[in-house]
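Undergrad: Please see the structure below; I have some questions.
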Amino acid sequence: MIQKISSMMLVTSLLLTNNALARENGAFIGVSLGRSQLSLNQTASGVTLPSFGAASDVWLNDSNKRQTNGDIMLGAIVGYRYFVLPKVAIRGYGEYEYAFAKMKDGAGDNRNANYMQAILGADAMLYFNKSTNVALGAFAGGGIAYSRYDSKLLLDKDKNAFGAAMNAGLHADFARRHGIDLGVKFLTNKASAKSNVVYENIGVNVVNRNGKIRHKPEVFLRYTFNF
């Protein structure tokens with residue numbers, strides 16, 4: 001009888017130990033490297049407004065689409081991961097990314113046109129297997145995003161924008177405290193600017209310019225350290 005009780009206590013202790021190992025709740029920090037692009041659409045129209053109420057004359061109607069080039073993004077992340085089940089976790093985080101981008105000007109020369117984004121979000125994480133040394137899984141989630149764009153991105157001045165952020169990908173934990181994310185990120189942030197320039201010569205010439213910025217999907221690789 002005593003031997004059976006000892007065996008049951010040993011099994012219970014092992015199960016509790018495995019469960020404790022499976023629930024590695026705690027804070028984490030990390031760094032990331034990504035690649036993305038901005039889509040830029042600019043239109044310009046010119047109208048001549050003659051004196052004495054005569055009919056106007058449209059003398060300019062131009063539209064062009066461009067993309068930023070070489071958008072290498074460096075980022076930092078801090079957050080907390082909590083296991084609601086042995087193989088299911090929720091992590092909340094704050095992330096900052098800065099993009100080193102270039103775009104061609106009217107002369108065809110590249111110029112710096114950097115931008116940044118900050119995200120406050122949460123991910124659901126599902127582990128396919130979870131052992132002491134290695135764990136593989138997937139993640140998906142979203143949050144709110146703030147972006148700031150350089151005035152060189154075809155806009156009249158620096159612009160701020162808010163939107164939604166969504167991401168998904170694969171995750172791996174190894175050596176207990178280290179993690180790797182490989183994923184794709186989508187931002188709905190967009191910015192626009194309008195300007196009207198008036199030239200007075202014979203009649204009045206008005207040039208209307210519109211610029212719009214949208215994000216393309218970002219691919220990223222992230223390293224995290226779990227405390």
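Scheme for the structure tokens: letters A, B, ... for chains in order shown; per-chain residue numbers from 1; ligand numbers from 1 in order shown.
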Give me, as a ChimeraX atom specification, all polymer residues having an atom no more than 8 Å from Arg148 of chain A, counting only C-alpha atoms and skipping those fewer than 6 positions away in the same chain.

TA: /A:115-117,158-161

Undergrad: So that I can see what lies close to segment 96-105 of chain A, please list as a PyMOL selection string the residues with an atom at most 12 Å from it, counting only C-alpha atoms and leaving out residues fewer than 6 positions away in the same chain.

TA: chain A and resi 29-40+65-79+111-121+145-154+185+215+218+220+222

Undergrad: Write out as a ChimeraX atom specification which residues come within 12 Å of segment 128-141 of chain A when counting only C-alpha atoms, dropping same-chain ones fewer than 5 positions away.

TA: /A:17-24,83,85-93,119-123,164-186

Undergrad: Residues near Asn61 of chain A, anyone? I mean within 10 Å using only C-alpha atoms, not counting same-chain ones fewer than 3 positions away, as a list in words.

TA: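 My list of contacting residues is Thr43, Ala44, Ser45, Gly46, Val47, Val58, Val207 and Asn208 of chain A.
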
Undergrad: Provide the atom CA of Ser192 of chain A to atom CA of Gly143 of chain A distance in Å, to one decimal place.

TA: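 Atom CA of Ser192 of chain A sits 22.2 Å away from atom CA of Gly143 of chain A.
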